[in-house]
Structure formats: C-alpha cells, structure tokens
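Report on the following structure.
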Amino acid sequence: MRPLPKDVVKKLREELRLLHTYHSNAIEGNTLTLQETKLILEQGITVGGKSLHEHLEATNTADAYKFIEELAKGKRHIAHETVQEIHAIVTRGILTEQGKYRIANVRIVGAIKTPPDYTKVAKLMEGVFEMLKKSKHDSISTAALLHHGIVAIHPFIDGNGRVARLVTNLYLVQHGYPPIVLRREDRKKYYKMLKRADLGDPKPFVNFIAKAVDESLSFYLSALGGDDELLPLGELTKESPYSQEYLSLLARQDKLDAIKINGVWHASRRALKQYRDSVEA
C-alpha cells in the first residue's frame, strides 16, 4: 500500500514514538503514565510528584527514537558506534559513563546467567554485529537475536534494555518493517522469553517479537480505514455471530489477529473475516 499519505505517516510516527517511549521506560520501572509522558514530550510540562530522573528518561528515550529514525534513512550499518551513540542519548544527564561500554562486572537480580566479564564485552558485541552481516534468518528472527544478544551481553552499566529495544527497531525499519512497541503489560512474558533464550531456546522470543511486528503492521494498516480499521471487539460483535467474550478468547489464543489498545482488544473486519473463513473451510 506504499506510499502511504504523508500526513497519515507523520501521525503514526508521532504516536509510535510516544508509545515506544512510554512502554520502554515503564518496563524498566518508570512510573510516568502514558498521558504524563505525552504532556512532557509534546508540551514540555513538568509533572508534579515525578522525579527529574523519570522526566529525563522520557525526553531521552524520545530523542533516541528520533535518532534511530534518522539513522534508518541513511542505511547505516549497526556497529559499536551506533549502539554507543544511542546509549549516550538514552542516558544523557543520568549516567556519567554515557555511551561507553562498562569497565566493571555486574550481576542482575533474578537472572539465570551472569553477564560476561567486562573485558569480553567489545569482542562479544563484535560477534553480534557479525551475526547481522551473515545471518541467513529472516529479518524478524535476526532482529530478535540482535535484541537478545545485546541484553545478554549487557554492554553498559545501565540502560541496556532501552538500547536493545531501540536498536531492534532500527534494524526492523532498515529492513522495511514498522517499529514495534513492547508493552508494559507484557513485561513478565518479555523477561520470561528472554530467559528461555538465555537457556538456548530463542524460538519463543522470536515469536514474541514476531507478534509485536504483526501488531505494528495492523496498527499501520488500521490508519487507512476500510476493512483494516481497528475496532473494539464490542463493535465487531455487531457484525458477527460471536459474543465479545468469545472474540476476546480468540484474541488471547492468537486465533484472531488482534491488538490491545489501552487495555481493550481491537481487531479489523478483515481479521474477523479471515477467522470465519478458516473455520468454515
């Protein structure tokens, strides 16, 4: 359907930047709400009762998101400098060691594996970049392996998760996909899938990333309206023989192509028709 209308693309990019910023920070414990994050980014308003640290996380992550959008236009290869520049923006005003690989060992509470010795970080990161160049996997699988690689190596003292999510989006956009949003509500599942990858089984995490890509594609298509417009399941029940509860069950079981927006399941008429056709086939 490309090229999409420019005003539609602009609105989608702004909305995805907001959603990525809010959810990526919330995964790490930032307590700003989606609306508070929106006020900070769009109006520069300081939210009472919230720390300077949390405000900086919001503005920094949003700025880093803009940065990867610019990088994606230039088709720049993902390398040490890329990852370090993203980290420097994410941690600006928060860490003293901005954009620098760690020079000390760390432990992560609850992690199955301890991050590698700091002396091995640069070499291991080089291995991740080589994987990108030589990967024979599809782009989504490669993006998932890239994400897990950064998190597992834990190259920085702090900010690794935020950087991994941004670099993953950079790779996806470079390969023709829209950026994804890993949601706060899926935090436990996200960490569980990463642990599975730590144990040598990356497939569940690859599927987790693929689901996020599917949701992002649905989000883009919905902006064009028609059969791809996303509607609350309550609205779709008026056009189908199914109850809202049944459609919600299908969504949770991944049998209906659906996406949660502000805690409410949405799907398109096209997705509903595809499900009905599969049942009646």
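Ordering of the structure tokens sets the chain letters (A, B, ...); residue numbers start at 1 within each chain; ligands are numbered from 1 in the order shown.
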
- [ ] For region 118-131 of chain A, please output as a list of chain:residue names all residues within 6 Å (counting only C-alpha atoms; exclusion window: fewer than 4 positions along the same chain).
- [x]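 My reading of the contact set: A:Ile103, A:Ala104, A:Asn105, A:Ser135, A:Pro155.
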
TODO: Name all residues at most 12 Å from Ala144 (chain A) (count only C-alpha atoms; drop same-chain ones fewer than 5 positions away) and give them as a ChimeraX atom specification.
DONE: /A:128,131-132,135,137-139,149-151,164-165,167-169,171-172,180,190,193-194,197,202-213

Please dump the current selection as a compact mmCIF listing (two decimals), in the first residue's frame; keep C-alpha atoms.
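Produced file out-v8.txt, reproduced below:
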```
# COMPACT_ATOMS: atom_id res chain seq x y z
CA VAL A 128 26.59 -9.72 17.35
CA MET A 131 25.82 -12.14 13.03
CA LEU A 132 23.81 -9.30 11.47
CA SER A 135 22.51 -14.02 9.17
CA HIS A 137 17.43 -15.95 9.05
CA ASP A 138 14.51 -13.76 8.09
CA SER A 139 14.66 -10.14 9.24
CA GLY A 149 22.39 -10.58 22.12
CA ILE A 150 22.58 -7.03 23.46
CA VAL A 151 20.60 -7.85 26.59
CA ALA A 164 18.24 -3.09 22.86
CA ARG A 165 14.65 -2.10 22.06
CA VAL A 167 18.47 -0.95 18.14
CA THR A 168 15.93 -3.66 17.35
CA ASN A 169 13.62 -1.02 15.90
CA TYR A 171 17.14 -2.91 12.33
CA LEU A 172 13.46 -3.56 11.59
CA ILE A 180 7.48 -2.22 17.28
CA TYR A 190 9.07 -10.46 27.80
CA MET A 193 11.06 -15.30 26.80
CA LEU A 194 14.48 -13.69 27.22
CA ALA A 197 16.73 -17.59 25.04
CA PRO A 202 15.42 -18.45 21.25
CA LYS A 203 12.29 -19.54 19.35
CA PRO A 204 9.75 -18.28 21.96
CA PHE A 205 11.43 -14.86 21.97
CA VAL A 206 11.50 -14.78 18.16
CA ASN A 207 7.75 -15.49 18.19
CA PHE A 208 7.26 -12.77 20.81
CA ILE A 209 8.98 -10.22 18.55
CA ALA A 210 7.05 -11.51 15.52
CA LYS A 211 3.78 -10.94 17.36
CA ALA A 212 4.87 -7.36 18.11
CA VAL A 213 5.66 -6.84 14.41
```

Task: Contact residues around region 253-261 of chain A with only C-alpha atoms at 8 Å, ignoring same-chain residues under 4 positions, as a VMD selection string - done: chain A and resid 215 218 247 249 265 to 268 271 to 272 275

What would the file look like if the residues just selected were written as a compact mmCIF listing (two decimals), in the first residue's frame with C-alpha atoms?
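Saved as out_28.txt:
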```
# COMPACT_ATOMS: atom_id res chain seq x y z
CA GLU A 215 0.58 -5.76 15.90
CA SER A 218 -2.03 -3.94 12.00
CA LEU A 247 -13.74 -12.90 20.38
CA LEU A 249 -10.78 -15.57 23.94
CA TRP A 265 -8.81 -5.68 22.44
CA HIS A 266 -9.23 -4.37 18.88
CA ALA A 267 -9.42 -6.20 15.57
CA SER A 268 -10.37 -5.42 11.99
CA ALA A 271 -9.19 -10.23 10.54
CA LEU A 272 -12.68 -11.35 11.57
CA TYR A 275 -11.07 -16.22 11.08
```

Please build the interface table for region 185-236 of chain A against region 241-244 of chain A with a cut-off of 10 Å, listing for each qualifying residue the nearest atom pair and the distance in Å to one decimal; count only C-alpha atoms, order rows by chain and increasing number, and write it as JSON lines.
```
{"residue": "A:Pro232", "atom": "CA", "partner": "A:Gln244", "partner_atom": "CA", "distance": 9.3}
{"residue": "A:Leu233", "atom": "CA", "partner": "A:Gln244", "partner_atom": "CA", "distance": 5.9}
{"residue": "A:Gly234", "atom": "CA", "partner": "A:Gln244", "partner_atom": "CA", "distance": 5.5}
{"residue": "A:Glu235", "atom": "CA", "partner": "A:Gln244", "partner_atom": "CA", "distance": 8.6}
{"residue": "A:Leu236", "atom": "CA", "partner": "A:Gln244", "partner_atom": "CA", "distance": 8.0}
```

Selection export as a tab-separated table (two decimals), in the first residue's frame, atoms kept: C-alpha atoms:
```tsv
chain	number	residue	atom	x	y	z
A	232	PRO	CA	-13.10	-2.61	19.67
A	233	LEU	CA	-14.31	-6.20	19.80
A	234	GLY	CA	-17.59	-4.92	21.19
A	235	GLU	CA	-18.16	-3.14	17.87
A	236	LEU	CA	-17.20	-6.19	15.82
```

Task: CA of Lys134 (chain A) to CA of Pro116 (chain A), straight-line distance in Å - done: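 These two atoms are separated by 23.3 Å.
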
Open item on the list: I'd like the interatomic distance between CA of Leu217 (chain A) and CA of His148 (chain A), to a tenth of an Å.
Closed with: 22.0 Å

Find the spatial neighbours of Arg76 (chain A), counting only C-alpha atoms, within a cut-off of 12 Å - ignore same-chain residues fewer than 4 positions away - and output them as a short mmCIF file (atom, residue, chain, number, x, y, z; two decimals) with C-alpha atoms, in the first residue's frame.
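File written: part.cif
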```cif
data_model
loop_
_atom_site.label_atom_id
_atom_site.label_comp_id
_atom_site.auth_asym_id
_atom_site.auth_seq_id
_atom_site.Cartn_x
_atom_site.Cartn_y
_atom_site.Cartn_z
CA PHE A 67 17.82 9.49 16.22
CA ILE A 68 17.21 5.92 15.02
CA GLU A 69 14.64 7.23 12.54
CA GLU A 70 17.37 9.43 11.04
CA LEU A 71 19.88 6.57 11.09
CA ALA A 72 17.40 4.31 9.28
CA HIS A 80 29.81 -0.28 18.05
CA GLU A 81 29.47 3.44 17.34
CA THR A 82 25.76 3.12 16.58
CA VAL A 83 24.93 1.33 19.81
CA VAL A 167 18.47 -0.95 18.14
CA LEU A 170 16.47 0.48 13.91
CA TYR A 171 17.14 -2.91 12.33
CA VAL A 173 12.92 -0.15 9.98
CA GLN A 174 16.08 -0.61 7.89
CA HIS A 175 14.55 -3.84 6.57
#
```

Find the nearest atom pair between each residue of region 39-87 of chain A and region 27-34 of chain A for residues within 12 Å, count only C-alpha atoms, give distances in Å to one decimal, sort rows by chain and ascending number, and present the table as CSV.
```
residue,atom,partner,partner_atom,distance
A:Leu39,CA,A:Leu34,CA,8.8
A:Ile40,CA,A:Leu32,CA,9.8
A:Leu41,CA,A:Leu34,CA,10.6
A:Thr46,CA,A:Leu32,CA,11.1
A:Val47,CA,A:Leu32,CA,8.6
A:Gly48,CA,A:Leu32,CA,10.6
A:Gly49,CA,A:Leu32,CA,9.9
A:Lys50,CA,A:Leu32,CA,7.3
A:Ser51,CA,A:Thr31,CA,9.5
A:Leu52,CA,A:Leu32,CA,11.3
A:His53,CA,A:Asn30,CA,9.0
A:Glu54,CA,A:Asn30,CA,6.1
A:His55,CA,A:Leu32,CA,8.2
A:Leu56,CA,A:Asn30,CA,10.6
A:Glu57,CA,A:Asn30,CA,8.0
A:Ala58,CA,A:Leu32,CA,8.5
A:Thr59,CA,A:Leu32,CA,11.8
A:Thr61,CA,A:Asn30,CA,11.8
```

Using the selection just defined, write its residues with N, CA and C atoms as a PDB file, in the first residue's frame.
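That gives us out_38.pdb:
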```pdb
ATOM      1  N   LEU A  39       2.390  14.673  27.761  1.00  0.00           N
ATOM      2  CA  LEU A  39       2.495  16.084  28.152  1.00  0.00           C
ATOM      3  C   LEU A  39       3.950  16.546  28.170  1.00  0.00           C
ATOM      4  N   ILE A  40       4.830  15.693  28.678  1.00  0.00           N
ATOM      5  CA  ILE A  40       6.252  16.033  28.749  1.00  0.00           C
ATOM      6  C   ILE A  40       6.843  16.191  27.348  1.00  0.00           C
ATOM      7  N   LEU A  41       6.519  15.262  26.459  1.00  0.00           N
ATOM      8  CA  LEU A  41       7.107  15.266  25.124  1.00  0.00           C
ATOM      9  C   LEU A  41       6.525  16.344  24.223  1.00  0.00           C
ATOM     10  N   THR A  46       6.300  19.887  33.195  1.00  0.00           N
ATOM     11  CA  THR A  46       6.856  19.110  34.299  1.00  0.00           C
ATOM     12  C   THR A  46       5.707  18.548  35.128  1.00  0.00           C
ATOM     13  N   VAL A  47       5.743  17.257  35.365  1.00  0.00           N
ATOM     14  CA  VAL A  47       4.670  16.591  36.103  1.00  0.00           C
ATOM     15  C   VAL A  47       4.999  16.577  37.588  1.00  0.00           C
ATOM     16  N   GLY A  48       4.116  17.135  38.387  1.00  0.00           N
ATOM     17  CA  GLY A  48       4.328  17.178  39.829  1.00  0.00           C
ATOM     18  C   GLY A  48       4.386  15.790  40.441  1.00  0.00           C
ATOM     19  N   GLY A  49       5.281  15.620  41.401  1.00  0.00           N
ATOM     20  CA  GLY A  49       5.389  14.333  42.092  1.00  0.00           C
ATOM     21  C   GLY A  49       6.255  13.315  41.383  1.00  0.00           C
ATOM     22  N   LYS A  50       6.767  13.669  40.204  1.00  0.00           N
ATOM     23  CA  LYS A  50       7.633  12.756  39.459  1.00  0.00           C
ATOM     24  C   LYS A  50       9.064  13.303  39.473  1.00  0.00           C
ATOM     25  N   SER A  51      10.022  12.402  39.535  1.00  0.00           N
ATOM     26  CA  SER A  51      11.422  12.811  39.671  1.00  0.00           C
ATOM     27  C   SER A  51      12.000  13.359  38.370  1.00  0.00           C
ATOM     28  N   LEU A  52      13.099  14.120  38.506  1.00  0.00           N
ATOM     29  CA  LEU A  52      13.830  14.608  37.340  1.00  0.00           C
ATOM     30  C   LEU A  52      14.344  13.432  36.521  1.00  0.00           C
ATOM     31  N   HIS A  53      14.760  12.391  37.212  1.00  0.00           N
ATOM     32  CA  HIS A  53      15.269  11.187  36.553  1.00  0.00           C
ATOM     33  C   HIS A  53      14.226  10.625  35.584  1.00  0.00           C
ATOM     34  N   GLU A  54      12.984  10.539  36.030  1.00  0.00           N
ATOM     35  CA  GLU A  54      11.927   9.984  35.187  1.00  0.00           C
ATOM     36  C   GLU A  54      11.612  10.906  34.008  1.00  0.00           C
ATOM     37  N   HIS A  55      11.661  12.207  34.255  1.00  0.00           N
ATOM     38  CA  HIS A  55      11.460  13.156  33.161  1.00  0.00           C
ATOM     39  C   HIS A  55      12.566  13.009  32.102  1.00  0.00           C
ATOM     40  N   LEU A  56      13.803  12.868  32.563  1.00  0.00           N
ATOM     41  CA  LEU A  56      14.922  12.703  31.641  1.00  0.00           C
ATOM     42  C   LEU A  56      14.803  11.410  30.845  1.00  0.00           C
ATOM     43  N   GLU A  57      14.345  10.348  31.497  1.00  0.00           N
ATOM     44  CA  GLU A  57      14.158   9.086  30.785  1.00  0.00           C
ATOM     45  C   GLU A  57      13.169   9.252  29.642  1.00  0.00           C
ATOM     46  N   ALA A  58      12.109  10.020  29.880  1.00  0.00           N
ATOM     47  CA  ALA A  58      11.091  10.237  28.843  1.00  0.00           C
ATOM     48  C   ALA A  58      11.666  11.024  27.667  1.00  0.00           C
ATOM     49  N   THR A  59      12.287  12.167  27.950  1.00  0.00           N
ATOM     50  CA  THR A  59      12.800  13.002  26.859  1.00  0.00           C
ATOM     51  C   THR A  59      13.972  12.331  26.144  1.00  0.00           C
ATOM     52  N   THR A  61      14.632   9.018  25.825  1.00  0.00           N
ATOM     53  CA  THR A  61      14.187   7.883  25.003  1.00  0.00           C
ATOM     54  C   THR A  61      13.505   8.381  23.733  1.00  0.00           C
TER      55      THR A  61
END
```

Task: In region 174-268 of chain A, DSSP alpha helix (DSSP H) residues written as JSON, numbers by chain - done: {"A": [174, 187, 188, 189, 190, 191, 192, 193, 194, 195, 196, 197, 198, 203, 204, 205, 206, 207, 208, 209, 210, 211, 212, 213, 214, 215, 216, 217, 218, 219, 220, 221, 222, 233, 234, 235, 236, 244, 245, 246, 247, 248, 249, 250, 251, 252]}

TODO: Grab the CA of His20 (chain A) to CA of Ser248 (chain A) distance for me, in Å with one decimal place.
DONE: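 Computed distance, CA of His20 (chain A) to CA of Ser248 (chain A), equals 24.5 Å.
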
Open item on the list: Just checking: using only C-alpha atoms, which residue out of A:Leu182, A:Val264, A:Ser141, A:Ile89 ends up closest to Leu19 (chain A)?
Closed with: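 Smallest separation from Leu19 (chain A) among the options: A:Leu182.
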
Open item on the list: Which residue is closest to Leu16 (chain A)? Choose from A:His147, A:Arg183, A:Arg162, A:Arg102 and count only C-alpha atoms.
Closed with: A:Arg183
